[in-house]
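Visitor: One structure, as structure tokens, below. Some questions next.
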Amino acid sequence: MSRSNLSRRAWARASALALVVLALAAGPAQAHHPRGLRDLAQRPLIGTAVNTDLLGSDATYTSILDREFNSVTPENAMKWESVERERGVLDFSAADRLVAHARAHRQIVRGHTLLWHNQLPAWLTSGTFTNDELEAILREHIIDEASHFRGRVYAWDVVNEAFNEDGTLRDTIWLRQLGPGYIAKAFRWAHQGDPHAKLYYNDYNLESIGPKSDAAYALVQDLRRQGVRIDGVGFQGHLGIQYPYPDTLGDNLERFAALGVDVALTEVDVRMILPVTAEKLATQAEQFKGMLNSCRAVRRCVSYTVWGFDDLHSWVPGVFAGEGAATPFDENYRPKPAYFALRDALARHRHR
Ligand code: XIL
């Protein structure tokens with residue numbers, strides 16, 4: 001036997017052994033090996049806003065969506081302007097497609113949103129209605145939409161962004177024509193439409209303890225006092241690395257939870273002034289992780305949703321001039337440091 005033969009045999013034996021070792025290691029490791037963020041922890045559910053135009057038509061988008069997330073929020077498809085473009089003609093087709101997709105991929109659906117001051121149909125904003133007419137229109141909208149999705153939507157953002165930064169109520173057609181009682185009415189109608197859905201108040205810049213979150217806190221107390229059902233508060237979590245990080249987020253989530261409501265991070269993204277640098281991506285990753293860890297630390301924090309998972313389709317560049325790169329995947333669907341930070345944070349607390 002030649003030396004080379006021997007070594008070939010030895011190599012073959014060694015590599016056979018290596019294969020066994022690898023197989024043993026891979027066996028159990030694979031069985032527990034998480035495929036995506038959604039598999040790493042029981043709580044919080046890991047969600048994303050979904051662009052229904054891409055659902056099914058963009059294969060990479062759809063496969064990342066289904067691999068990583070177990071909660072979905074339609075980015076636009078359930079908003080009033082999307083479901084009733086023409087007065088009296090309800091079109092839930094895009095939202096229904098999302099709900100069906102979610103069911104097939106074991107994802108829960110967060111309904112967004114029944115009452116807001118943006119993305120209202122033109123017939124509504126350009127029409128003139130008496131206060132009673134407007135109230136009847138709103139009532140019908142909320143009851144119709146909530147009942148259409150009854151049993152298929154886990155939670156509704158019933159009222160979105162009703163407060164100013166100083167905690168006063170935002171000046172909208174709803175406040176102007178229906179008065180401050182419109183919020184309680186909206187929650188009552190949503191409950192009528194879907195008695196089993198969790199009903200949320202949702203807003204941005206609610207992360208820190210301060211005038212705006214104090215107002216949301218008082219709203220929860222006030223609704224409860226009136227016997228109006230509210231089940232949760234959504235903290236949107238739209239941050240930017242050029243601003244101070246909301247260090248009081250954890251305490252804030254805790255104080256809301258202590259009121260007996262669920263809490264959720266509902267629209268997380270962390271924007272930056274372009275161009276992207278490695279340092280900015282590292283800061284961004286810290287902030288994504290920080291918000292997740294705050295949620296993980298509070299038992300009643302049920303979900304953590306990113307507002308779009310890839311930089312190509314994020315709403316940020318279109319709204320904040322010169323800013324972008326706000327999501328965990330880049331424009332080519334490659335995971336960024338923020339993605340790995342989320343993964344590590346979830347994996348680290350896996351057995352807690
Ligand atoms: C944004 C969507 O991402 C955009 O596609 C749309 O053009 C405007 O609305 N707060 C909310 C979300 O509650 O509904 C908003 O979504 C982002 C801010």
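Letters A, B, ... go to the chains of the structure tokens in the order shown; residues in each chain start at 1; ligands are counted from 1 in the same order.
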Could you give me the residues within 8 Å of ligand 1, counting only C-alpha atoms and all ligand atoms, as a ChimeraX atom specification?
Guide: /A:49,51,75-76,79,112-113,118-119,160-161,202-204,236,238,267,307-308,314-316
Visitor: Determine, counting only C-alpha atoms, which protein, DNA and RNA residues have an atom within 10 Å of an atom of Gln284 (chain A); residues of the same chain fewer than 5 positions away are not included. Present the result as a VMD selection string.
Guide: chain A and resid 239 to 242 269 to 272 278 to 279 289 to 290 325 to 328 336 to 338 341
Visitor: Just write the chosen residues, N, CA, C and O atoms, as a PDB file, in the first residue's frame.
Guide:
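File written: selection.pdb
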```
ATOM      1  N   LEU A 239     -38.010  55.429  15.560  1.00  0.00           N
ATOM      2  CA  LEU A 239     -36.865  56.166  16.118  1.00  0.00           C
ATOM      3  C   LEU A 239     -35.920  56.603  15.000  1.00  0.00           C
ATOM      4  O   LEU A 239     -36.059  56.188  13.846  1.00  0.00           O
ATOM      5  N   GLY A 240     -34.977  57.465  15.361  1.00  0.00           N
ATOM      6  CA  GLY A 240     -33.912  57.865  14.447  1.00  0.00           C
ATOM      7  C   GLY A 240     -32.638  57.956  15.270  1.00  0.00           C
ATOM      8  O   GLY A 240     -32.683  58.445  16.402  1.00  0.00           O
ATOM      9  N   ILE A 241     -31.524  57.495  14.703  1.00  0.00           N
ATOM     10  CA  ILE A 241     -30.293  57.458  15.509  1.00  0.00           C
ATOM     11  C   ILE A 241     -29.773  58.855  15.839  1.00  0.00           C
ATOM     12  O   ILE A 241     -28.970  59.024  16.747  1.00  0.00           O
ATOM     13  N   GLN A 242     -30.245  59.883  15.113  1.00  0.00           N
ATOM     14  CA  GLN A 242     -29.791  61.253  15.393  1.00  0.00           C
ATOM     15  C   GLN A 242     -30.499  61.866  16.594  1.00  0.00           C
ATOM     16  O   GLN A 242     -30.176  62.969  17.000  1.00  0.00           O
ATOM     17  N   ASP A 269     -39.056  51.154  13.530  1.00  0.00           N
ATOM     18  CA  ASP A 269     -37.960  51.344  12.572  1.00  0.00           C
ATOM     19  C   ASP A 269     -37.017  52.385  13.155  1.00  0.00           C
ATOM     20  O   ASP A 269     -37.386  53.125  14.073  1.00  0.00           O
ATOM     21  N   VAL A 270     -35.790  52.364  12.693  1.00  0.00           N
ATOM     22  CA  VAL A 270     -34.774  53.285  13.219  1.00  0.00           C
ATOM     23  C   VAL A 270     -34.079  53.918  12.018  1.00  0.00           C
ATOM     24  O   VAL A 270     -33.228  53.310  11.381  1.00  0.00           O
ATOM     25  N   ARG A 271     -34.484  55.156  11.732  1.00  0.00           N
ATOM     26  CA  ARG A 271     -33.947  55.796  10.529  1.00  0.00           C
ATOM     27  C   ARG A 271     -32.623  56.496  10.833  1.00  0.00           C
ATOM     28  O   ARG A 271     -32.239  56.653  11.988  1.00  0.00           O
ATOM     29  N   MET A 272     -31.961  56.898   9.764  1.00  0.00           N
ATOM     30  CA  MET A 272     -30.685  57.602   9.913  1.00  0.00           C
ATOM     31  C   MET A 272     -30.550  58.591   8.766  1.00  0.00           C
ATOM     32  O   MET A 272     -31.201  58.429   7.725  1.00  0.00           O
ATOM     33  N   ALA A 278     -20.912  52.123   8.731  1.00  0.00           N
ATOM     34  CA  ALA A 278     -20.900  50.968   9.631  1.00  0.00           C
ATOM     35  C   ALA A 278     -21.254  51.404  11.051  1.00  0.00           C
ATOM     36  O   ALA A 278     -21.966  50.712  11.781  1.00  0.00           O
ATOM     37  N   GLU A 279     -20.775  52.576  11.423  1.00  0.00           N
ATOM     38  CA  GLU A 279     -21.048  53.081  12.771  1.00  0.00           C
ATOM     39  C   GLU A 279     -22.541  53.356  12.967  1.00  0.00           C
ATOM     40  O   GLU A 279     -23.127  53.019  14.004  1.00  0.00           O
ATOM     41  N   LYS A 289     -32.429  46.478  19.105  1.00  0.00           N
ATOM     42  CA  LYS A 289     -32.284  45.492  20.181  1.00  0.00           C
ATOM     43  C   LYS A 289     -32.802  46.042  21.504  1.00  0.00           C
ATOM     44  O   LYS A 289     -33.454  45.333  22.268  1.00  0.00           O
ATOM     45  N   GLY A 290     -32.505  47.312  21.767  1.00  0.00           N
ATOM     46  CA  GLY A 290     -32.945  47.941  23.015  1.00  0.00           C
ATOM     47  C   GLY A 290     -34.463  47.888  23.157  1.00  0.00           C
ATOM     48  O   GLY A 290     -34.995  47.532  24.221  1.00  0.00           O
ATOM     49  N   ALA A 325     -32.714  53.829   5.235  1.00  0.00           N
ATOM     50  CA  ALA A 325     -32.017  52.644   5.760  1.00  0.00           C
ATOM     51  C   ALA A 325     -32.536  52.256   7.138  1.00  0.00           C
ATOM     52  O   ALA A 325     -31.773  51.867   8.014  1.00  0.00           O
ATOM     53  N   ALA A 326     -33.863  52.331   7.332  1.00  0.00           N
ATOM     54  CA  ALA A 326     -34.456  52.262   8.672  1.00  0.00           C
ATOM     55  C   ALA A 326     -34.859  50.861   9.134  1.00  0.00           C
ATOM     56  O   ALA A 326     -35.360  50.700  10.240  1.00  0.00           O
ATOM     57  N   THR A 327     -34.648  49.868   8.294  1.00  0.00           N
ATOM     58  CA  THR A 327     -35.167  48.518   8.606  1.00  0.00           C
ATOM     59  C   THR A 327     -34.028  47.498   8.796  1.00  0.00           C
ATOM     60  O   THR A 327     -32.865  47.811   8.535  1.00  0.00           O
ATOM     61  N   PRO A 328     -34.352  46.271   9.187  1.00  0.00           N
ATOM     62  CA  PRO A 328     -33.311  45.261   9.439  1.00  0.00           C
ATOM     63  C   PRO A 328     -32.715  44.591   8.194  1.00  0.00           C
ATOM     64  O   PRO A 328     -31.724  43.881   8.300  1.00  0.00           O
ATOM     65  N   LYS A 336     -29.015  43.099   7.881  1.00  0.00           N
ATOM     66  CA  LYS A 336     -28.091  44.123   8.383  1.00  0.00           C
ATOM     67  C   LYS A 336     -27.749  43.822   9.847  1.00  0.00           C
ATOM     68  O   LYS A 336     -28.351  42.948  10.468  1.00  0.00           O
ATOM     69  N   PRO A 337     -26.809  44.566  10.425  1.00  0.00           N
ATOM     70  CA  PRO A 337     -26.495  44.359  11.847  1.00  0.00           C
ATOM     71  C   PRO A 337     -27.750  44.371  12.736  1.00  0.00           C
ATOM     72  O   PRO A 337     -27.822  43.619  13.720  1.00  0.00           O
ATOM     73  N   ALA A 338     -28.733  45.167  12.389  1.00  0.00           N
ATOM     74  CA  ALA A 338     -29.962  45.215  13.201  1.00  0.00           C
ATOM     75  C   ALA A 338     -30.644  43.837  13.224  1.00  0.00           C
ATOM     76  O   ALA A 338     -31.175  43.417  14.257  1.00  0.00           O
ATOM     77  N   ALA A 341     -28.708  41.612  15.518  1.00  0.00           N
ATOM     78  CA  ALA A 341     -28.900  42.047  16.914  1.00  0.00           C
ATOM     79  C   ALA A 341     -30.238  41.518  17.446  1.00  0.00           C
ATOM     80  O   ALA A 341     -30.318  41.052  18.588  1.00  0.00           O
TER      81      ALA A 341
END
```
Visitor: Neighbouring residues of region 60-67 of chain A were defined as those with any atom within 8 Å, considering only C-alpha atoms; residues of the same chain fewer than 4 positions away were excluded. Please report them as a list in words.
Guide: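 Selected residues are Arg35, Gly36, Leu37, Arg38, Thr48, Leu54, Leu55, Gly56, His105 and Tyr333 of chain A.
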Visitor: Of the residues A:Gly167, A:Gly179, A:Pro74, A:Gly111, which is the one nearest to Tyr200 (chain A), using only C-alpha atoms?
Guide: A:Gly111
Visitor: Quick one: distance from CA of Glu165 (chain A) to CA of Asn252 (chain A) in Å, one decimal?
Guide: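 Separation of CA of Glu165 (chain A) and CA of Asn252 (chain A): 16.0 Å.
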Visitor: As a short mmCIF file (atom, residue, chain, number, x, y, z; two decimals) with N, CA, C and O atoms, in the first residue's frame, list the residues of region 119-318 of chain A assigned to helix (DSSP H, G or I) by DSSP on the backbone atoms of this structure.
Guide:
```cif
data_model
loop_
_atom_site.label_atom_id
_atom_site.label_comp_id
_atom_site.auth_asym_id
_atom_site.auth_seq_id
_atom_site.Cartn_x
_atom_site.Cartn_y
_atom_site.Cartn_z
N ALA A 122 -61.06 60.61 -0.07
CA ALA A 122 -61.26 61.99 -0.52
C ALA A 122 -62.71 62.42 -0.36
O ALA A 122 -62.99 63.58 -0.01
N TRP A 123 -63.65 61.50 -0.59
CA TRP A 123 -65.07 61.89 -0.46
C TRP A 123 -65.36 62.35 0.96
O TRP A 123 -66.23 63.19 1.18
N LEU A 124 -64.61 61.82 1.91
CA LEU A 124 -64.84 62.18 3.31
C LEU A 124 -64.20 63.54 3.64
O LEU A 124 -64.82 64.41 4.24
N THR A 125 -62.93 63.70 3.21
CA THR A 125 -62.22 64.93 3.58
C THR A 125 -62.71 66.14 2.78
O THR A 125 -62.63 67.27 3.24
N SER A 126 -63.21 65.91 1.59
CA SER A 126 -63.64 67.05 0.79
C SER A 126 -65.15 67.32 0.90
O SER A 126 -65.63 68.33 0.40
N ASN A 131 -72.39 67.40 12.08
CA ASN A 131 -71.76 66.60 13.12
C ASN A 131 -72.43 65.23 13.23
O ASN A 131 -71.76 64.20 13.36
N ASP A 132 -73.76 65.23 13.19
CA ASP A 132 -74.49 63.95 13.30
C ASP A 132 -74.21 63.05 12.11
O ASP A 132 -74.04 61.83 12.27
N GLU A 133 -74.14 63.64 10.93
CA GLU A 133 -73.83 62.83 9.74
C GLU A 133 -72.43 62.22 9.86
O GLU A 133 -72.24 61.03 9.58
N LEU A 134 -71.49 63.05 10.28
CA LEU A 134 -70.11 62.56 10.38
C LEU A 134 -70.01 61.44 11.42
O LEU A 134 -69.33 60.43 11.20
N GLU A 135 -70.71 61.61 12.51
CA GLU A 135 -70.69 60.56 13.54
C GLU A 135 -71.28 59.26 13.00
O GLU A 135 -70.75 58.17 13.24
N ALA A 136 -72.37 59.38 12.24
CA ALA A 136 -73.00 58.18 11.68
C ALA A 136 -72.07 57.50 10.67
O ALA A 136 -71.97 56.27 10.62
N ILE A 137 -71.36 58.32 9.90
CA ILE A 137 -70.41 57.77 8.90
C ILE A 137 -69.29 57.02 9.61
O ILE A 137 -68.90 55.91 9.22
N LEU A 138 -68.77 57.61 10.68
CA LEU A 138 -67.66 56.98 11.41
C LEU A 138 -68.13 55.68 12.08
O LEU A 138 -67.45 54.65 12.02
N ARG A 139 -69.30 55.75 12.67
CA ARG A 139 -69.85 54.58 13.35
C ARG A 139 -69.99 53.40 12.38
O ARG A 139 -69.56 52.28 12.65
N GLU A 140 -70.55 53.72 11.22
CA GLU A 140 -70.76 52.68 10.22
C GLU A 140 -69.42 52.10 9.74
O GLU A 140 -69.27 50.89 9.61
N HIS A 141 -68.48 52.98 9.50
CA HIS A 141 -67.16 52.53 9.04
C HIS A 141 -66.53 51.56 10.05
O HIS A 141 -66.06 50.48 9.69
N ILE A 142 -66.52 51.97 11.30
CA ILE A 142 -65.86 51.14 12.32
C ILE A 142 -66.58 49.80 12.49
O ILE A 142 -65.93 48.74 12.51
N ILE A 143 -67.90 49.86 12.58
CA ILE A 143 -68.62 48.60 12.79
C ILE A 143 -68.50 47.69 11.56
O ILE A 143 -68.25 46.49 11.68
N ASP A 144 -68.62 48.27 10.37
CA ASP A 144 -68.51 47.47 9.13
C ASP A 144 -67.14 46.79 9.03
O ASP A 144 -67.04 45.61 8.74
N GLU A 145 -66.09 47.57 9.24
CA GLU A 145 -64.75 47.00 9.03
C GLU A 145 -64.42 45.98 10.13
O GLU A 145 -63.92 44.90 9.84
N ALA A 146 -64.71 46.34 11.39
CA ALA A 146 -64.41 45.39 12.47
C ALA A 146 -65.21 44.11 12.28
O ALA A 146 -64.69 43.00 12.49
N SER A 147 -66.47 44.22 11.85
CA SER A 147 -67.24 42.98 11.71
C SER A 147 -66.83 42.19 10.47
O SER A 147 -66.89 40.97 10.47
N HIS A 148 -66.37 42.89 9.43
CA HIS A 148 -65.89 42.15 8.25
C HIS A 148 -64.76 41.18 8.64
O HIS A 148 -64.70 40.06 8.16
N ILE A 173 -60.72 66.44 12.20
CA ILE A 173 -62.17 66.57 11.97
C ILE A 173 -62.94 65.84 13.07
O ILE A 173 -64.04 66.24 13.42
N TRP A 174 -62.35 64.81 13.61
CA TRP A 174 -63.05 64.02 14.63
C TRP A 174 -63.23 64.83 15.91
O TRP A 174 -64.31 64.87 16.48
N LEU A 175 -62.15 65.48 16.34
CA LEU A 175 -62.24 66.30 17.54
C LEU A 175 -63.15 67.51 17.29
O LEU A 175 -64.01 67.84 18.11
N ARG A 176 -62.94 68.13 16.15
CA ARG A 176 -63.69 69.34 15.84
C ARG A 176 -65.19 69.08 15.76
O ARG A 176 -65.99 69.82 16.29
N GLN A 177 -65.56 67.99 15.10
CA GLN A 177 -66.99 67.80 14.87
C GLN A 177 -67.68 66.86 15.86
O GLN A 177 -68.88 66.96 16.07
N LEU A 178 -66.93 65.95 16.46
CA LEU A 178 -67.57 65.01 17.39
C LEU A 178 -67.22 65.31 18.84
O LEU A 178 -67.84 64.77 19.75
N TYR A 182 -65.18 61.28 21.03
CA TYR A 182 -65.12 60.40 19.86
C TYR A 182 -64.26 59.15 20.12
O TYR A 182 -64.51 58.09 19.54
N ILE A 183 -63.28 59.29 21.00
CA ILE A 183 -62.38 58.15 21.24
C ILE A 183 -63.14 57.01 21.92
O ILE A 183 -63.08 55.85 21.48
N ALA A 184 -63.87 57.34 22.98
CA ALA A 184 -64.64 56.31 23.68
C ALA A 184 -65.66 55.68 22.74
O ALA A 184 -65.85 54.44 22.73
N LYS A 185 -66.29 56.52 21.92
CA LYS A 185 -67.28 55.98 20.97
C LYS A 185 -66.63 55.00 20.01
O LYS A 185 -67.17 53.92 19.73
N ALA A 186 -65.45 55.36 19.51
CA ALA A 186 -64.77 54.48 18.56
C ALA A 186 -64.49 53.11 19.18
O ALA A 186 -64.67 52.06 18.55
N PHE A 187 -64.04 53.12 20.44
CA PHE A 187 -63.77 51.84 21.10
C PHE A 187 -65.06 51.04 21.29
O PHE A 187 -65.07 49.81 21.12
N ARG A 188 -66.15 51.72 21.63
CA ARG A 188 -67.43 51.01 21.80
C ARG A 188 -67.88 50.39 20.49
O ARG A 188 -68.33 49.23 20.45
N TRP A 189 -67.76 51.13 19.40
CA TRP A 189 -68.20 50.61 18.09
C TRP A 189 -67.31 49.44 17.65
O TRP A 189 -67.80 48.46 17.08
N ALA A 190 -66.01 49.57 17.90
CA ALA A 190 -65.11 48.48 17.51
C ALA A 190 -65.48 47.20 18.27
O ALA A 190 -65.50 46.10 17.69
N HIS A 191 -65.80 47.36 19.53
CA HIS A 191 -66.19 46.21 20.34
C HIS A 191 -67.49 45.59 19.82
O HIS A 191 -67.64 44.36 19.78
N GLN A 192 -68.39 46.46 19.40
CA GLN A 192 -69.65 45.99 18.81
C GLN A 192 -69.36 45.19 17.53
O GLN A 192 -69.96 44.15 17.29
N GLY A 193 -68.45 45.68 16.72
CA GLY A 193 -68.12 45.03 15.45
C GLY A 193 -67.41 43.70 15.64
O GLY A 193 -67.64 42.76 14.89
N PRO A 211 -45.24 64.02 28.55
CA PRO A 211 -46.62 64.51 28.39
C PRO A 211 -47.48 63.66 27.45
O PRO A 211 -48.65 63.43 27.73
N LYS A 212 -46.87 63.18 26.36
CA LYS A 212 -47.70 62.44 25.40
C LYS A 212 -48.09 61.07 25.95
O LYS A 212 -49.24 60.66 25.85
N SER A 213 -47.12 60.35 26.53
CA SER A 213 -47.48 59.03 27.07
C SER A 213 -48.32 59.18 28.35
O SER A 213 -49.16 58.32 28.64
N ASP A 214 -48.13 60.28 29.08
CA ASP A 214 -49.01 60.54 30.23
C ASP A 214 -50.46 60.67 29.77
O ASP A 214 -51.39 60.19 30.43
N ALA A 215 -50.64 61.31 28.62
CA ALA A 215 -52.00 61.50 28.09
C ALA A 215 -52.61 60.14 27.70
O ALA A 215 -53.79 59.89 27.96
N ALA A 216 -51.80 59.28 27.08
CA ALA A 216 -52.30 57.95 26.70
C ALA A 216 -52.62 57.13 27.96
O ALA A 216 -53.61 56.39 28.00
N TYR A 217 -51.79 57.30 28.96
CA TYR A 217 -51.99 56.62 30.24
C TYR A 217 -53.32 57.05 30.86
O TYR A 217 -54.13 56.24 31.30
N ALA A 218 -53.54 58.37 30.86
CA ALA A 218 -54.78 58.91 31.41
C ALA A 218 -55.98 58.45 30.58
O ALA A 218 -57.07 58.21 31.13
N LEU A 219 -55.78 58.30 29.27
CA LEU A 219 -56.87 57.82 28.41
C LEU A 219 -57.30 56.42 28.81
O LEU A 219 -58.50 56.11 28.90
N VAL A 220 -56.32 55.56 29.04
CA VAL A 220 -56.65 54.18 29.45
C VAL A 220 -57.47 54.22 30.74
O VAL A 220 -58.52 53.57 30.85
N GLN A 221 -57.00 55.01 31.70
CA GLN A 221 -57.72 55.11 32.98
C GLN A 221 -59.13 55.64 32.78
O GLN A 221 -60.09 55.13 33.36
N ASP A 222 -59.22 56.65 31.95
CA ASP A 222 -60.50 57.31 31.70
C ASP A 222 -61.50 56.35 31.04
O ASP A 222 -62.66 56.26 31.43
N LEU A 223 -61.01 55.62 30.01
CA LEU A 223 -61.90 54.68 29.32
C LEU A 223 -62.37 53.60 30.29
O LEU A 223 -63.55 53.25 30.33
N ARG A 224 -61.43 53.11 31.08
CA ARG A 224 -61.78 52.07 32.05
C ARG A 224 -62.83 52.56 33.04
O ARG A 224 -63.79 51.86 33.35
N ARG A 225 -62.64 53.81 33.49
CA ARG A 225 -63.61 54.40 34.43
C ARG A 225 -65.01 54.47 33.82
O ARG A 225 -66.00 54.30 34.51
N LEU A 249 -38.26 53.78 28.09
CA LEU A 249 -39.22 52.88 27.44
C LEU A 249 -39.64 51.71 28.34
O LEU A 249 -40.83 51.40 28.48
N GLY A 250 -38.65 51.06 28.96
CA GLY A 250 -38.96 49.89 29.80
C GLY A 250 -39.89 50.24 30.96
O GLY A 250 -40.90 49.56 31.18
N ASP A 251 -39.57 51.31 31.66
CA ASP A 251 -40.42 51.75 32.79
C ASP A 251 -41.80 52.16 32.29
O ASP A 251 -42.81 51.93 32.96
N ASN A 252 -41.81 52.77 31.13
CA ASN A 252 -43.07 53.22 30.57
C ASN A 252 -43.97 52.03 30.22
O ASN A 252 -45.16 52.01 30.57
N LEU A 253 -43.40 51.03 29.55
CA LEU A 253 -44.18 49.83 29.22
C LEU A 253 -44.72 49.21 30.51
O LEU A 253 -45.88 48.80 30.59
N GLU A 254 -43.87 49.19 31.51
CA GLU A 254 -44.23 48.60 32.80
C GLU A 254 -45.42 49.32 33.45
O GLU A 254 -46.33 48.69 33.97
N ARG A 255 -45.41 50.64 33.38
CA ARG A 255 -46.51 51.35 34.06
C ARG A 255 -47.83 51.14 33.32
O ARG A 255 -48.89 51.07 33.94
N PHE A 256 -47.78 51.02 32.00
CA PHE A 256 -49.02 50.72 31.27
C PHE A 256 -49.48 49.30 31.59
O PHE A 256 -50.67 49.07 31.84
N ALA A 257 -48.56 48.36 31.59
CA ALA A 257 -48.91 46.98 31.90
C ALA A 257 -49.56 46.89 33.29
O ALA A 257 -50.50 46.13 33.50
N ALA A 258 -49.07 47.72 34.21
CA ALA A 258 -49.61 47.71 35.57
C ALA A 258 -51.06 48.20 35.61
O ALA A 258 -51.78 47.94 36.57
N ALA A 278 -20.91 52.12 8.73
CA ALA A 278 -20.90 50.97 9.63
C ALA A 278 -21.25 51.40 11.05
O ALA A 278 -21.97 50.71 11.78
N GLU A 279 -20.77 52.58 11.42
CA GLU A 279 -21.05 53.08 12.77
C GLU A 279 -22.54 53.36 12.97
O GLU A 279 -23.13 53.02 14.00
N LYS A 280 -23.15 53.96 11.97
CA LYS A 280 -24.58 54.24 12.07
C LYS A 280 -25.38 52.93 12.15
O LYS A 280 -26.35 52.82 12.90
N LEU A 281 -24.95 51.94 11.36
CA LEU A 281 -25.67 50.66 11.39
C LEU A 281 -25.55 49.99 12.76
O LEU A 281 -26.49 49.34 13.23
N ALA A 282 -24.39 50.19 13.40
CA ALA A 282 -24.18 49.60 14.73
C ALA A 282 -25.10 50.29 15.76
O ALA A 282 -25.72 49.63 16.60
N THR A 283 -25.20 51.60 15.67
CA THR A 283 -26.09 52.34 16.58
C THR A 283 -27.54 51.92 16.34
O THR A 283 -28.32 51.70 17.28
N GLN A 284 -27.89 51.80 15.08
CA GLN A 284 -29.24 51.38 14.73
C GLN A 284 -29.54 49.99 15.32
O GLN A 284 -30.62 49.76 15.89
N ALA A 285 -28.58 49.09 15.20
CA ALA A 285 -28.76 47.73 15.72
C ALA A 285 -29.02 47.76 17.22
O ALA A 285 -29.90 47.07 17.74
N GLU A 286 -28.26 48.62 17.93
CA GLU A 286 -28.45 48.76 19.38
C GLU A 286 -29.86 49.20 19.71
O GLU A 286 -30.46 48.77 20.70
N GLN A 287 -30.39 50.11 18.90
CA GLN A 287 -31.72 50.65 19.19
C GLN A 287 -32.82 49.64 18.89
O GLN A 287 -33.79 49.52 19.65
N PHE A 288 -32.67 48.90 17.79
CA PHE A 288 -33.64 47.82 17.52
C PHE A 288 -33.63 46.83 18.68
O PHE A 288 -34.68 46.38 19.15
N LYS A 289 -32.43 46.48 19.10
CA LYS A 289 -32.28 45.49 20.18
C LYS A 289 -32.80 46.04 21.50
O LYS A 289 -33.45 45.33 22.27
N GLY A 290 -32.50 47.31 21.77
CA GLY A 290 -32.95 47.94 23.01
C GLY A 290 -34.46 47.89 23.16
O GLY A 290 -34.99 47.53 24.22
N MET A 291 -35.16 48.22 22.09
CA MET A 291 -36.63 48.19 22.14
C MET A 291 -37.13 46.76 22.33
O MET A 291 -38.08 46.52 23.08
N LEU A 292 -36.48 45.82 21.65
CA LEU A 292 -36.90 44.42 21.82
C LEU A 292 -36.68 43.95 23.25
O LEU A 292 -37.56 43.33 23.86
N ASN A 293 -35.52 44.28 23.82
CA ASN A 293 -35.25 43.84 25.19
C ASN A 293 -36.20 44.47 26.20
O ASN A 293 -36.60 43.82 27.16
N SER A 294 -36.57 45.72 25.96
CA SER A 294 -37.56 46.35 26.85
C SER A 294 -38.88 45.60 26.78
O SER A 294 -39.55 45.39 27.80
N CYS A 295 -39.25 45.21 25.60
CA CYS A 295 -40.50 44.45 25.42
C CYS A 295 -40.38 43.08 26.09
O CYS A 295 -41.28 42.65 26.81
N ARG A 296 -39.24 42.43 25.90
CA ARG A 296 -39.06 41.10 26.47
C ARG A 296 -39.14 41.10 27.98
O ARG A 296 -39.54 40.13 28.61
N VAL A 316 -39.82 55.32 5.00
CA VAL A 316 -39.00 56.42 5.52
C VAL A 316 -38.46 57.38 4.45
O VAL A 316 -38.67 58.58 4.54
N PRO A 317 -37.76 56.87 3.40
CA PRO A 317 -37.18 57.82 2.43
C PRO A 317 -38.23 58.72 1.77
O PRO A 317 -37.94 59.87 1.45
N GLY A 318 -39.43 58.22 1.61
CA GLY A 318 -40.47 59.01 0.98
C GLY A 318 -41.03 60.12 1.86
O GLY A 318 -41.65 61.06 1.36
#
```
Visitor: Mind giving me the straight-line distance from CA of Tyr339 (chain A) to CA of Asp157 (chain A) in Å, one decimal?
Guide: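 Straight-line distance from CA of Tyr339 (chain A) to CA of Asp157 (chain A) works out to 25.9 Å.
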Visitor: According to DSSP computed on the backbone, where in region 254-351 of chain A is there strand (DSSP E or B)? Give the residues as a list in words.
Guide: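 Output for region 254-351 of chain A, strand (DSSP E or B) only: Asp262, Val263, Ala264, Leu265, Thr266, Glu267, Val268, Asp269, Val270, Arg271, Met272, Ile273, Cys301, Val302, Ser303, Tyr304, Thr305, Val306, Asp310, Glu323, Gly324, Phe329 and Pro335 of chain A.
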Visitor: Those residues you just picked out, can you put them in a file as a short mmCIF file (atom, residue, chain, number, x, y, z; two decimals), in the first residue's frame with C-alpha atoms?
Guide:
```
data_model
loop_
_atom_site.label_atom_id
_atom_site.label_comp_id
_atom_site.auth_asym_id
_atom_site.auth_seq_id
_atom_site.Cartn_x
_atom_site.Cartn_y
_atom_site.Cartn_z
CA ASP A 262 -51.30 44.62 26.97
CA VAL A 263 -48.52 46.63 25.39
CA ALA A 264 -46.83 46.20 22.02
CA LEU A 265 -44.16 47.78 19.88
CA THR A 266 -46.19 48.23 16.73
CA GLU A 267 -44.20 50.07 14.03
CA VAL A 268 -40.53 49.82 14.88
CA ASP A 269 -37.96 51.34 12.57
CA VAL A 270 -34.77 53.28 13.22
CA ARG A 271 -33.95 55.80 10.53
CA MET A 272 -30.68 57.60 9.91
CA ILE A 273 -29.42 60.52 7.90
CA CYS A 301 -45.55 43.08 26.01
CA VAL A 302 -47.10 40.74 23.48
CA SER A 303 -45.62 41.74 20.13
CA TYR A 304 -42.75 43.57 18.45
CA THR A 305 -43.54 44.67 14.92
CA VAL A 306 -41.18 46.34 12.45
CA ASP A 310 -36.45 45.95 4.05
CA GLU A 323 -33.12 59.81 5.68
CA GLY A 324 -33.55 56.08 5.19
CA PHE A 329 -32.74 44.22 5.78
CA PRO A 335 -29.72 41.13 6.67
#
```
Visitor: Work out how far CA of Ala77 (chain A) is from CA of Asp39 (chain A), in Å to one decimal.
Guide: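 Atom-to-atom, CA of Asp39 (chain A) to CA of Ala77 (chain A), that is 26.6 Å.
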Visitor: Go through A:Ile46, A:Leu169, A:Ala59, A:Glu84 and flag the residue nearest Arg110 (chain A), using only C-alpha atoms for the distances.
Guide: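 Selected residue with least distance to Arg110 (chain A): A:Ile46.
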Visitor: Quick one: of A:Leu199, A:Leu90, A:Leu120, A:Ala102, who's nearest to Val158 (chain A), counting only C-alpha atoms?
Guide: A:Leu199
